[in-house]
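J.: I'd like to ask some things about the structure below.
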Amino acid sequence: MRTAARTPTKDTLQGNRAINVATDRFLTDVALAPIGNLKRNRLIDHAMGTLSGACEQCFQALEAARPIVNIRLGEKRC
């Protein structure tokens, strides 16, 4: 994701192909990973920091994928 975020973009709203592919792959991997919600949330936090300012839609997709409700209600996913 860092490499993709470093590539130049013409439009920071939509990013570029490298950023979009990296974000999609990350979201798929983190959704399928056998980890708890707190760890998943922290990984998404790091990804959001990496993409800050590079792609607004990717940033919003990462924000939407955060398991905040599951953490608050105590639902475990492992």
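Residues in the structure tokens are numbered from 1 in each chain, the chains being A, B, ... in the order shown, and ligands are numbered from 1 in the order shown.
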Fewer than 2 positions away in the same chain doesn't count, so skip those; otherwise give me all residues within 8 Å of segment 38-52 of chain A, counting only C-alpha atoms, as a list in words.

T.: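 After dropping sequence-adjacent residues, the list is Met1, Arg2, Ala5, Val30, Ile35, Gly36, Ala54, Cys55, Glu56, Cys58, Phe59, Leu62, Glu63, Ala65, Arg66, Pro67, Ile68 and Ile71 of chain A.
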
J.: Once DSSP has gone over the backbone, tell me which residues of chain A are in alpha helix (DSSP H), as a PyMOL selection string.

T.: chain A and resi 2-6+17-32+37-51+56-64+68-73

J.: What does the distance between atom CA of Asp11 of chain A and atom CA of Thr23 of chain A come to in Å, to one decimal place?

T.: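 Atom CA of Asp11 of chain A sits 16.2 Å away from atom CA of Thr23 of chain A.
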
J.: Just want the 8 Å neighbourhood of Thr7 of chain A, counted on only C-alpha atoms, with same-chain residues fewer than 3 positions away dropped. Output as a list in words.

T.: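 What passes the distance filter is Thr3, Ala4 and Ala18 of chain A.
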
J.: Output C-alpha atoms for every residue in the selection just made, as a tab-separated table (two decimals), in the first residue's frame.

T.:
chain	number	residue	atom	x	y	z
A	3	THR	CA	4.29	1.91	-2.76
A	4	ALA	CA	0.87	2.48	-4.32
A	18	ALA	CA	-2.39	0.96	-8.00

J.: In Å, how far is it from atom CA of Asp29 of chain A to atom CA of Leu13 of chain A?

T.: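 For atom CA of Asp29 of chain A relative to atom CA of Leu13 of chain A, the distance reads 23.5 Å.
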
J.: In Å to one decimal, how far is atom CA of Asn20 of chain A from atom CA of Leu32 of chain A?

T.: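 These two atoms are separated by 18.5 Å.
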